[in-house]
>>> print(open('structure_30.txt').read())   # compact mmCIF, N, CA and C atoms
# COMPACT_ATOMS: atom_id res chain seq x y z
N MET A 1461 -21.53 10.69 21.59
CA MET A 1461 -20.52 11.26 20.73
C MET A 1461 -20.40 10.41 19.46
N LEU A 1462 -20.29 11.07 18.31
CA LEU A 1462 -20.14 10.36 17.05
C LEU A 1462 -18.77 9.71 16.96
N SER A 1463 -18.70 8.57 16.26
CA SER A 1463 -17.44 7.85 16.10
C SER A 1463 -17.34 7.38 14.65
N LEU A 1464 -16.16 7.50 14.08
CA LEU A 1464 -15.94 7.00 12.72
C LEU A 1464 -15.83 5.49 12.75
N GLY A 1465 -16.41 4.83 11.75
CA GLY A 1465 -16.37 3.37 11.70
C GLY A 1465 -15.06 2.83 11.20
N LYS A 1466 -14.72 3.13 9.95
CA LYS A 1466 -13.47 2.69 9.34
C LYS A 1466 -13.23 3.54 8.11
N ILE A 1467 -12.08 3.44 7.54
CA ILE A 1467 -11.79 4.17 6.30
C ILE A 1467 -12.53 3.48 5.17
N ASP A 1468 -13.28 4.24 4.38
CA ASP A 1468 -14.00 3.69 3.24
C ASP A 1468 -13.07 3.50 2.06
N HIS A 1469 -12.32 4.54 1.70
CA HIS A 1469 -11.37 4.45 0.60
C HIS A 1469 -10.37 5.59 0.70
N ILE A 1470 -9.27 5.46 -0.01
CA ILE A 1470 -8.22 6.47 -0.08
C ILE A 1470 -8.10 6.89 -1.54
N HIS A 1471 -8.03 8.20 -1.79
CA HIS A 1471 -7.82 8.71 -3.15
C HIS A 1471 -6.33 8.72 -3.47
N VAL A 1472 -5.99 8.19 -4.63
CA VAL A 1472 -4.60 8.18 -5.10
C VAL A 1472 -4.60 8.73 -6.52
N ARG A 1473 -3.79 9.76 -6.75
CA ARG A 1473 -3.71 10.37 -8.07
C ARG A 1473 -2.44 9.91 -8.79
N VAL A 1474 -2.62 9.57 -10.06
CA VAL A 1474 -1.52 9.04 -10.87
C VAL A 1474 -1.50 9.74 -12.22
N THR A 1475 -0.41 9.60 -12.96
CA THR A 1475 -0.32 10.20 -14.29
C THR A 1475 -0.67 9.22 -15.41
N ASP A 1476 -0.76 7.93 -15.10
CA ASP A 1476 -1.07 6.92 -16.11
C ASP A 1476 -1.98 5.88 -15.47
N LEU A 1477 -3.27 5.99 -15.73
CA LEU A 1477 -4.27 5.15 -15.09
C LEU A 1477 -4.08 3.67 -15.42
N ALA A 1478 -3.81 3.35 -16.68
CA ALA A 1478 -3.64 1.95 -17.07
C ALA A 1478 -2.42 1.34 -16.39
N LYS A 1479 -1.33 2.07 -16.36
CA LYS A 1479 -0.12 1.60 -15.69
C LYS A 1479 -0.38 1.41 -14.20
N ALA A 1480 -1.10 2.35 -13.60
CA ALA A 1480 -1.42 2.26 -12.17
C ALA A 1480 -2.27 1.03 -11.88
N GLN A 1481 -3.32 0.80 -12.67
CA GLN A 1481 -4.18 -0.36 -12.45
C GLN A 1481 -3.37 -1.64 -12.51
N ASN A 1482 -2.48 -1.73 -13.49
CA ASN A 1482 -1.65 -2.92 -13.64
C ASN A 1482 -0.76 -3.10 -12.41
N TRP A 1483 -0.12 -2.03 -11.97
CA TRP A 1483 0.79 -2.10 -10.82
C TRP A 1483 0.04 -2.50 -9.55
N TYR A 1484 -1.07 -1.84 -9.26
CA TYR A 1484 -1.82 -2.14 -8.05
C TYR A 1484 -2.38 -3.56 -8.05
N GLN A 1485 -2.76 -4.05 -9.22
CA GLN A 1485 -3.26 -5.42 -9.28
C GLN A 1485 -2.12 -6.41 -9.11
N ARG A 1486 -1.00 -6.19 -9.81
CA ARG A 1486 0.14 -7.10 -9.77
C ARG A 1486 0.81 -7.10 -8.39
N VAL A 1487 1.04 -5.92 -7.83
CA VAL A 1487 1.82 -5.81 -6.60
C VAL A 1487 0.98 -5.94 -5.34
N LEU A 1488 -0.17 -5.30 -5.27
CA LEU A 1488 -0.99 -5.30 -4.06
C LEU A 1488 -2.24 -6.17 -4.16
N ASN A 1489 -2.44 -6.82 -5.32
CA ASN A 1489 -3.59 -7.70 -5.53
C ASN A 1489 -4.91 -6.95 -5.36
N LEU A 1490 -4.97 -5.71 -5.86
CA LEU A 1490 -6.19 -4.91 -5.84
C LEU A 1490 -6.77 -4.89 -7.25
N ALA A 1491 -8.04 -5.21 -7.36
CA ALA A 1491 -8.69 -5.28 -8.67
C ALA A 1491 -9.85 -4.29 -8.73
N PRO A 1492 -10.23 -3.88 -9.95
CA PRO A 1492 -11.36 -2.94 -10.08
C PRO A 1492 -12.65 -3.52 -9.50
N ASP A 1493 -13.38 -2.67 -8.80
CA ASP A 1493 -14.68 -3.03 -8.24
C ASP A 1493 -15.73 -2.59 -9.26
N SER A 1494 -16.40 -3.56 -9.88
CA SER A 1494 -17.34 -3.27 -10.97
C SER A 1494 -18.51 -2.40 -10.53
N ARG A 1495 -18.81 -2.36 -9.25
CA ARG A 1495 -19.93 -1.53 -8.77
C ARG A 1495 -19.67 -0.04 -9.01
N TYR A 1496 -18.41 0.34 -9.18
CA TYR A 1496 -18.05 1.74 -9.36
C TYR A 1496 -17.71 2.07 -10.82
N LYS A 1497 -18.03 1.17 -11.73
CA LYS A 1497 -17.68 1.36 -13.15
C LYS A 1497 -18.23 2.68 -13.70
N HIS A 1498 -19.39 3.10 -13.25
CA HIS A 1498 -20.02 4.33 -13.73
C HIS A 1498 -19.19 5.57 -13.39
N MET A 1499 -18.27 5.47 -12.44
CA MET A 1499 -17.46 6.62 -12.03
C MET A 1499 -16.21 6.79 -12.88
N GLN A 1500 -15.97 5.87 -13.83
CA GLN A 1500 -14.74 5.91 -14.61
C GLN A 1500 -14.77 6.95 -15.73
N SER A 1501 -15.95 7.35 -16.17
CA SER A 1501 -16.02 8.31 -17.28
C SER A 1501 -15.89 9.73 -16.76
N GLY A 1502 -15.55 10.63 -17.66
CA GLY A 1502 -15.40 12.03 -17.28
C GLY A 1502 -13.94 12.43 -17.22
N PRO A 1503 -13.68 13.72 -17.12
CA PRO A 1503 -12.30 14.20 -17.14
C PRO A 1503 -11.48 13.77 -15.92
N HIS A 1504 -12.12 13.54 -14.81
CA HIS A 1504 -11.42 13.09 -13.61
C HIS A 1504 -12.02 11.79 -13.11
N GLY A 1505 -12.18 10.86 -14.05
CA GLY A 1505 -12.78 9.58 -13.71
C GLY A 1505 -11.99 8.84 -12.64
N VAL A 1506 -12.69 8.02 -11.89
CA VAL A 1506 -12.08 7.28 -10.79
C VAL A 1506 -12.30 5.79 -11.02
N VAL A 1507 -11.23 5.01 -10.85
CA VAL A 1507 -11.34 3.56 -10.85
C VAL A 1507 -11.17 3.12 -9.40
N MET A 1508 -12.19 2.45 -8.88
CA MET A 1508 -12.12 1.97 -7.51
C MET A 1508 -11.52 0.58 -7.51
N LEU A 1509 -10.38 0.45 -6.85
CA LEU A 1509 -9.70 -0.84 -6.73
C LEU A 1509 -9.93 -1.36 -5.32
N MET A 1510 -10.05 -2.68 -5.19
CA MET A 1510 -10.25 -3.25 -3.86
C MET A 1510 -9.60 -4.61 -3.75
N ASN A 1511 -9.38 -5.04 -2.50
CA ASN A 1511 -8.86 -6.38 -2.27
C ASN A 1511 -10.02 -7.37 -2.36
N SER A 1512 -9.71 -8.65 -2.21
CA SER A 1512 -10.72 -9.69 -2.46
C SER A 1512 -11.90 -9.65 -1.49
N ASN A 1513 -11.71 -9.18 -0.26
CA ASN A 1513 -12.85 -9.15 0.66
C ASN A 1513 -13.46 -7.76 0.83
N GLY A 1514 -12.97 -6.78 0.07
CA GLY A 1514 -13.55 -5.45 0.09
C GLY A 1514 -13.18 -4.59 1.29
N SER A 1515 -12.20 -5.03 2.08
CA SER A 1515 -11.83 -4.26 3.26
C SER A 1515 -10.86 -3.12 2.95
N VAL A 1516 -10.24 -3.15 1.76
CA VAL A 1516 -9.32 -2.09 1.33
C VAL A 1516 -9.78 -1.59 -0.03
N ARG A 1517 -9.98 -0.27 -0.15
CA ARG A 1517 -10.37 0.31 -1.44
C ARG A 1517 -9.54 1.57 -1.70
N LEU A 1518 -9.01 1.65 -2.91
CA LEU A 1518 -8.29 2.84 -3.36
C LEU A 1518 -9.02 3.40 -4.57
N ALA A 1519 -9.28 4.71 -4.55
CA ALA A 1519 -9.92 5.39 -5.67
C ALA A 1519 -8.80 6.02 -6.50
N ILE A 1520 -8.49 5.41 -7.64
CA ILE A 1520 -7.38 5.85 -8.48
C ILE A 1520 -7.92 6.80 -9.54
N SER A 1521 -7.31 7.98 -9.65
CA SER A 1521 -7.71 8.92 -10.70
C SER A 1521 -6.47 9.44 -11.41
N GLN A 1522 -6.66 9.76 -12.68
CA GLN A 1522 -5.54 10.25 -13.49
C GLN A 1522 -5.54 11.77 -13.52
N GLU A 1523 -4.39 12.34 -13.26
CA GLU A 1523 -4.17 13.79 -13.29
C GLU A 1523 -2.90 14.05 -14.07
N ASP A 1524 -2.82 15.21 -14.73
CA ASP A 1524 -1.59 15.56 -15.44
C ASP A 1524 -0.41 15.64 -14.50
N LYS A 1525 -0.62 16.27 -13.37
CA LYS A 1525 0.44 16.41 -12.36
C LYS A 1525 -0.17 16.06 -11.00
N PRO A 1526 -0.09 14.76 -10.63
CA PRO A 1526 -0.70 14.38 -9.35
C PRO A 1526 0.02 15.02 -8.18
N VAL A 1527 -0.73 15.27 -7.14
CA VAL A 1527 -0.17 15.83 -5.93
C VAL A 1527 0.11 14.68 -4.97
N CYS A 1528 1.37 14.45 -4.67
CA CYS A 1528 1.74 13.40 -3.73
C CYS A 1528 1.91 14.03 -2.35
N GLU A 1529 1.07 13.65 -1.44
CA GLU A 1529 1.13 14.16 -0.08
C GLU A 1529 2.32 13.53 0.64
N PRO A 1530 2.89 14.22 1.63
CA PRO A 1530 4.05 13.67 2.33
C PRO A 1530 3.74 12.45 3.19
N GLY A 1531 2.50 12.29 3.60
CA GLY A 1531 2.13 11.13 4.42
C GLY A 1531 1.96 9.89 3.56
N SER A 1532 1.63 8.79 4.22
CA SER A 1532 1.44 7.56 3.46
C SER A 1532 0.20 6.83 3.95
N VAL A 1533 -0.27 5.92 3.13
CA VAL A 1533 -1.38 5.05 3.50
C VAL A 1533 -0.74 3.80 4.11
N ALA A 1534 -1.17 3.42 5.30
CA ALA A 1534 -0.62 2.26 5.98
C ALA A 1534 -1.64 1.13 6.04
N PHE A 1535 -1.22 -0.05 5.61
CA PHE A 1535 -2.07 -1.23 5.64
C PHE A 1535 -1.61 -2.12 6.79
N LEU A 1536 -2.53 -2.67 7.55
CA LEU A 1536 -2.22 -3.51 8.69
C LEU A 1536 -2.34 -4.98 8.32
N VAL A 1537 -1.33 -5.78 8.68
CA VAL A 1537 -1.34 -7.22 8.43
C VAL A 1537 -0.76 -7.95 9.64
N ASN A 1538 -0.95 -9.26 9.68
CA ASN A 1538 -0.33 -10.05 10.75
C ASN A 1538 1.13 -10.33 10.40
N GLY A 1539 1.87 -10.93 11.33
CA GLY A 1539 3.30 -11.14 11.16
C GLY A 1539 3.66 -12.00 9.96
N GLN A 1540 2.99 -13.13 9.79
CA GLN A 1540 3.29 -14.02 8.66
C GLN A 1540 3.02 -13.31 7.34
N ASP A 1541 1.89 -12.63 7.26
CA ASP A 1541 1.57 -11.89 6.03
C ASP A 1541 2.58 -10.78 5.79
N PHE A 1542 3.08 -10.16 6.85
CA PHE A 1542 4.09 -9.10 6.73
C PHE A 1542 5.32 -9.64 5.99
N LEU A 1543 5.80 -10.81 6.40
CA LEU A 1543 6.96 -11.42 5.73
C LEU A 1543 6.65 -11.72 4.27
N GLU A 1544 5.45 -12.23 4.01
CA GLU A 1544 5.07 -12.55 2.64
C GLU A 1544 4.96 -11.28 1.79
N TRP A 1545 4.46 -10.18 2.39
CA TRP A 1545 4.38 -8.92 1.66
C TRP A 1545 5.77 -8.40 1.31
N ILE A 1546 6.71 -8.51 2.23
CA ILE A 1546 8.08 -8.06 1.92
C ILE A 1546 8.60 -8.83 0.72
N ASP A 1547 8.43 -10.14 0.73
CA ASP A 1547 8.91 -10.96 -0.38
C ASP A 1547 8.19 -10.61 -1.68
N GLN A 1548 6.89 -10.35 -1.60
CA GLN A 1548 6.11 -9.95 -2.78
C GLN A 1548 6.65 -8.64 -3.36
N LEU A 1549 6.84 -7.65 -2.49
CA LEU A 1549 7.33 -6.34 -2.93
C LEU A 1549 8.74 -6.46 -3.51
N ALA A 1550 9.59 -7.23 -2.85
CA ALA A 1550 10.96 -7.43 -3.34
C ALA A 1550 10.94 -8.12 -4.70
N GLY A 1551 10.09 -9.14 -4.83
CA GLY A 1551 9.98 -9.86 -6.10
C GLY A 1551 9.52 -8.98 -7.25
N GLU A 1552 8.73 -7.99 -6.94
CA GLU A 1552 8.24 -7.05 -7.95
C GLU A 1552 9.20 -5.87 -8.14
N ARG A 1553 10.31 -5.87 -7.40
CA ARG A 1553 11.32 -4.81 -7.48
C ARG A 1553 10.72 -3.45 -7.15
N VAL A 1554 9.83 -3.43 -6.15
CA VAL A 1554 9.21 -2.20 -5.67
C VAL A 1554 10.26 -1.41 -4.89
N ILE A 1555 10.22 -0.09 -5.04
CA ILE A 1555 11.24 0.74 -4.39
C ILE A 1555 10.66 1.55 -3.23
N ASP A 1556 11.56 2.03 -2.38
CA ASP A 1556 11.16 2.92 -1.29
C ASP A 1556 11.37 4.36 -1.73
N ARG A 1557 11.13 5.30 -0.83
CA ARG A 1557 11.25 6.73 -1.17
C ARG A 1557 12.66 7.12 -1.59
N ALA A 1558 13.65 6.38 -1.13
CA ALA A 1558 15.04 6.68 -1.47
C ALA A 1558 15.47 6.03 -2.79
N GLY A 1559 14.55 5.27 -3.41
CA GLY A 1559 14.86 4.62 -4.68
C GLY A 1559 15.51 3.26 -4.52
N GLN A 1560 15.55 2.72 -3.30
CA GLN A 1560 16.14 1.41 -3.05
C GLN A 1560 15.07 0.33 -3.15
N THR A 1561 15.43 -0.82 -3.70
CA THR A 1561 14.49 -1.92 -3.79
C THR A 1561 14.16 -2.44 -2.39
N VAL A 1562 12.88 -2.64 -2.12
CA VAL A 1562 12.43 -3.14 -0.83
C VAL A 1562 12.94 -4.56 -0.63
N ALA A 1563 13.42 -4.84 0.59
CA ALA A 1563 13.92 -6.16 0.96
C ALA A 1563 13.70 -6.36 2.45
N ARG A 1564 13.98 -7.55 2.95
CA ARG A 1564 13.77 -7.82 4.38
C ARG A 1564 14.60 -6.90 5.26
N ASP A 1565 15.75 -6.45 4.78
CA ASP A 1565 16.56 -5.54 5.60
C ASP A 1565 16.04 -4.10 5.54
N SER A 1566 14.94 -3.88 4.83
CA SER A 1566 14.30 -2.56 4.78
C SER A 1566 13.30 -2.36 5.91
N VAL A 1567 13.03 -3.40 6.68
CA VAL A 1567 12.04 -3.33 7.76
C VAL A 1567 12.52 -2.35 8.83
N VAL A 1568 11.61 -1.51 9.28
CA VAL A 1568 11.90 -0.59 10.37
C VAL A 1568 11.28 -1.14 11.64
N ASP A 1569 12.10 -1.23 12.69
CA ASP A 1569 11.67 -1.72 13.99
C ASP A 1569 11.26 -0.53 14.84
N HIS A 1570 9.97 -0.43 15.13
CA HIS A 1570 9.44 0.68 15.94
C HIS A 1570 9.26 0.26 17.40
N GLN A 1571 9.92 -0.78 17.82
CA GLN A 1571 9.91 -1.31 19.20
C GLN A 1571 8.68 -2.12 19.54
N PHE A 1572 7.50 -1.72 19.11
CA PHE A 1572 6.32 -2.54 19.38
C PHE A 1572 5.55 -2.88 18.12
N PHE A 1573 6.01 -2.38 16.99
CA PHE A 1573 5.48 -2.79 15.69
C PHE A 1573 6.59 -2.65 14.65
N CYS A 1574 6.38 -3.27 13.50
CA CYS A 1574 7.35 -3.21 12.39
C CYS A 1574 6.65 -2.64 11.17
N SER A 1575 7.42 -1.97 10.33
CA SER A 1575 6.84 -1.43 9.11
C SER A 1575 7.81 -1.55 7.94
N ILE A 1576 7.24 -1.54 6.77
CA ILE A 1576 8.01 -1.49 5.52
C ILE A 1576 7.36 -0.43 4.66
N SER A 1577 8.15 0.51 4.15
CA SER A 1577 7.62 1.62 3.35
C SER A 1577 8.02 1.46 1.90
N PHE A 1578 7.16 1.93 1.00
CA PHE A 1578 7.44 1.85 -0.43
C PHE A 1578 6.59 2.88 -1.16
N VAL A 1579 6.89 3.07 -2.43
CA VAL A 1579 6.12 4.01 -3.25
C VAL A 1579 5.63 3.30 -4.50
N ASP A 1580 4.51 3.80 -5.04
CA ASP A 1580 4.04 3.29 -6.33
C ASP A 1580 4.87 3.97 -7.43
N PRO A 1581 4.65 3.62 -8.69
CA PRO A 1581 5.46 4.22 -9.77
C PRO A 1581 5.28 5.73 -9.92
N PHE A 1582 4.32 6.32 -9.20
CA PHE A 1582 4.05 7.74 -9.32
C PHE A 1582 4.51 8.51 -8.08
N GLY A 1583 5.17 7.82 -7.16
CA GLY A 1583 5.68 8.45 -5.95
C GLY A 1583 4.72 8.48 -4.79
N ASN A 1584 3.53 7.89 -4.92
CA ASN A 1584 2.58 7.84 -3.81
C ASN A 1584 3.12 6.88 -2.74
N PRO A 1585 3.25 7.35 -1.50
CA PRO A 1585 3.85 6.52 -0.45
C PRO A 1585 2.86 5.59 0.24
N PHE A 1586 3.33 4.37 0.53
CA PHE A 1586 2.56 3.36 1.23
C PHE A 1586 3.41 2.71 2.30
N GLU A 1587 2.75 2.03 3.20
CA GLU A 1587 3.44 1.35 4.29
C GLU A 1587 2.62 0.11 4.66
N ILE A 1588 3.32 -0.95 4.99
CA ILE A 1588 2.68 -2.14 5.54
C ILE A 1588 3.19 -2.29 6.96
N VAL A 1589 2.25 -2.49 7.89
CA VAL A 1589 2.55 -2.49 9.32
C VAL A 1589 2.08 -3.79 9.95
N SER A 1590 2.86 -4.29 10.91
CA SER A 1590 2.42 -5.43 11.72
C SER A 1590 2.78 -5.16 13.18
N TYR A 1591 1.84 -5.48 14.05
CA TYR A 1591 2.06 -5.36 15.49
C TYR A 1591 2.52 -6.67 16.11
N ASP A 1592 2.82 -7.68 15.27
CA ASP A 1592 3.37 -8.95 15.76
C ASP A 1592 4.88 -8.79 15.93
N HIS A 1593 5.28 -7.79 16.68
CA HIS A 1593 6.68 -7.38 16.79
C HIS A 1593 7.59 -8.48 17.33
N THR A 1594 7.22 -9.10 18.43
CA THR A 1594 8.09 -10.10 19.04
C THR A 1594 8.34 -11.25 18.09
N TRP A 1595 7.30 -11.73 17.44
CA TRP A 1595 7.43 -12.83 16.49
C TRP A 1595 8.31 -12.41 15.31
N LEU A 1596 8.06 -11.21 14.77
CA LEU A 1596 8.84 -10.73 13.63
C LEU A 1596 10.30 -10.47 14.01
N ALA A 1597 10.54 -9.96 15.22
CA ALA A 1597 11.91 -9.70 15.65
C ALA A 1597 12.73 -10.98 15.62
N GLY A 1598 12.12 -12.09 16.01
CA GLY A 1598 12.81 -13.37 15.97
C GLY A 1598 13.04 -13.86 14.54
N LYS A 1599 12.06 -13.69 13.68
CA LYS A 1599 12.17 -14.14 12.29
C LYS A 1599 13.15 -13.30 11.47
N LEU A 1600 13.15 -11.97 11.73
CA LEU A 1600 13.96 -11.04 10.94
C LEU A 1600 15.29 -10.69 11.61
N LYS A 1601 15.48 -11.16 12.85
CA LYS A 1601 16.68 -10.82 13.63
C LYS A 1601 16.90 -9.32 13.64
N LEU A 1602 15.84 -8.63 14.02
CA LEU A 1602 15.87 -7.16 14.03
C LEU A 1602 16.89 -6.65 15.03
N GLY A 1603 17.62 -5.64 14.62
CA GLY A 1603 18.62 -5.03 15.48
C GLY A 1603 18.15 -3.70 16.01
N ASN A 1604 16.83 -3.57 16.20
CA ASN A 1604 16.24 -2.33 16.67
C ASN A 1604 16.67 -1.14 15.82
N LYS A 1605 16.63 -1.36 14.50
CA LYS A 1605 16.89 -0.29 13.55
C LYS A 1605 15.88 0.81 13.79
N PRO A 1606 16.31 2.00 14.16
CA PRO A 1606 15.36 3.06 14.55
C PRO A 1606 14.50 3.54 13.39
N ALA A 1607 13.32 4.06 13.77
CA ALA A 1607 12.38 4.59 12.78
C ALA A 1607 12.92 5.87 12.19
>>> encode(input="structure_30.txt", output="structure tokens")
Amino acid sequence: MLSLGKIDHIHVRVTDLAKAQNWYQRVLNLAPDSRYKHMQSGPHGVVMLMNSNGSVRLAISQEDKPVCEPGSVAFLVNGQDFLEWIDQLAGERVIDRAGQTVARDSVVDHQFFCSISFVDPFGNPFEIVSYDHTWLAGKLKLGNKPA
């Protein structure tokens, strides 16, 4: 039986490519992958952004009216990195779907994992997830805030 290996990249549509590149680099530390530079030209050019080890890639394209799907892209991290990501997002004044600035009290306790949700400046939803629940529950003093 065939099996999928891993996600290669996620397409994200935005209304301002330059603003998006700046935000993704500043907030998520994703930078353009020069191997995909040839894909940037054309009416629906794509800028491939990736993290430092190439395990996460987002294909950013500019559209007049991007379609934001109701689901979100979820990134997996360990517990310590989860705390650091919350602080990074809060420091950048990143907001969630309700328009509230992300903070440590924004963490959702799913009983065996924790998540923090946020949106980019174009409304595209993202989530950071950690399965280090027991460790995080102690650090964040989670009150089993329901999902």
>>> residues_around(input="structure_30.txt", residues="Phe1572 of chain A", least_positions_apart="6", cutoff="7 Å", atoms="all atoms listed in the file", output="ChimeraX atom specification")
/A:1590-1594
>>> write_last_selection(input="structure_30.txt", atoms="N, CA and C atoms", output="short mmCIF file (atom, residue, chain, number, x, y, z; two decimals), in the frame of the given file")
data_model
loop_
_atom_site.label_atom_id
_atom_site.label_comp_id
_atom_site.auth_asym_id
_atom_site.auth_seq_id
_atom_site.Cartn_x
_atom_site.Cartn_y
_atom_site.Cartn_z
N SER A 1590 2.86 -4.29 10.91
CA SER A 1590 2.42 -5.43 11.72
C SER A 1590 2.78 -5.16 13.18
N TYR A 1591 1.84 -5.48 14.05
CA TYR A 1591 2.06 -5.36 15.49
C TYR A 1591 2.52 -6.67 16.11
N ASP A 1592 2.82 -7.68 15.27
CA ASP A 1592 3.37 -8.95 15.76
C ASP A 1592 4.88 -8.79 15.93
N HIS A 1593 5.28 -7.79 16.68
CA HIS A 1593 6.68 -7.38 16.79
C HIS A 1593 7.59 -8.48 17.33
N THR A 1594 7.22 -9.10 18.43
CA THR A 1594 8.09 -10.10 19.04
C THR A 1594 8.34 -11.25 18.09
#
>>> closest_residue(input="structure_30.txt", among="A:Glu1523, A:Asp1569, A:Glu1587, A:Asp1541", to="Arg1473 of chain A", atoms="only N, CA and C atoms")
A:Glu1523
>>> atom_distance(input="structure_30.txt", atom1="atom N of Gly1505 of chain A", atom2="atom N of Ser1521 of chain A")
7.2 Å
>>> atom_distance(input="structure_30.txt", atom1="atom N of Gln1522 of chain A", atom2="atom C of Val1487 of chain A")
18.9 Å
>>> closest_residue(input="structure_30.txt", among="A:Phe1578, A:Trp1595, A:Tyr1484, A:Phe1586", to="Ile1555 of chain A", atoms="all atoms listed in the file")
A:Phe1578
>>> closest_residue(input="structure_30.txt", among="A:Val1579, A:Met1499, A:Leu1488, A:Val1506", to="Gln1548 of chain A", atoms="only N, CA and C atoms")
A:Leu1488
>>> atom_distance(input="structure_30.txt", atom1="atom CA of Leu1596 of chain A", atom2="atom CA of Asn1489 of chain A")
23.0 Å
>>> closest_residue(input="structure_30.txt", among="A:Asp1468, A:Asp1493, A:Asp1476, A:Glu1544", to="Arg1564 of chain A", atoms="only C-alpha atoms")
A:Glu1544
>>> residues_around(input="structure_30.txt", residues="Tyr1496 of chain A", least_positions_apart="5", cutoff="8 Å", atoms="all atoms listed in the file", output="ChimeraX atom specification")
/A:1501,1506-1508
>>> closest_residue(input="structure_30.txt", among="A:Ile1467, A:Val1474, A:Leu1518, A:Met1461", to="Phe1582 of chain A", atoms="all atoms listed in the file")
A:Val1474
>>> select_by_dssp(input="structure_30.txt", residues="chain A", states="helix (DSSP H, G or I)", output="PyMOL selection string")
chain A and resi 1477-1488+1494-1499+1539-1551+1564-1566+1593-1600
>>> residues_around(input="structure_30.txt", residues="Ala1563 of chain A", least_positions_apart="5", cutoff="6.5 Å", atoms="only N, CA and C atoms", output="list in words")
Ile1546, Leu1549 and Ala1550 of chain A
>>> residues_near_point(input="structure_30.txt", point="(-2.0, -2.1, 4.7)", cutoff="7 Å", atoms="only N, CA and C atoms", output="list in words")
Val1533, Ala1534, Phe1535, Leu1536, Val1537, Glu1587, Ile1588 and Val1589 of chain A
>>> closest_residue(input="structure_30.txt", among="A:Val1554, A:Leu1543, A:Val1472, A:Leu1602", to="His1570 of chain A", atoms="only C-alpha atoms")
A:Leu1602
>>> select_by_dssp(input="structure_30.txt", residues="segment 1461-1587 of chain A", states="strand (DSSP E or B)", output="PyMOL selection string")
chain A and resi 1470-1474+1491-1492+1506-1510+1517-1522+1533-1536+1555+1561+1568-1569+1574-1579+1585-1587
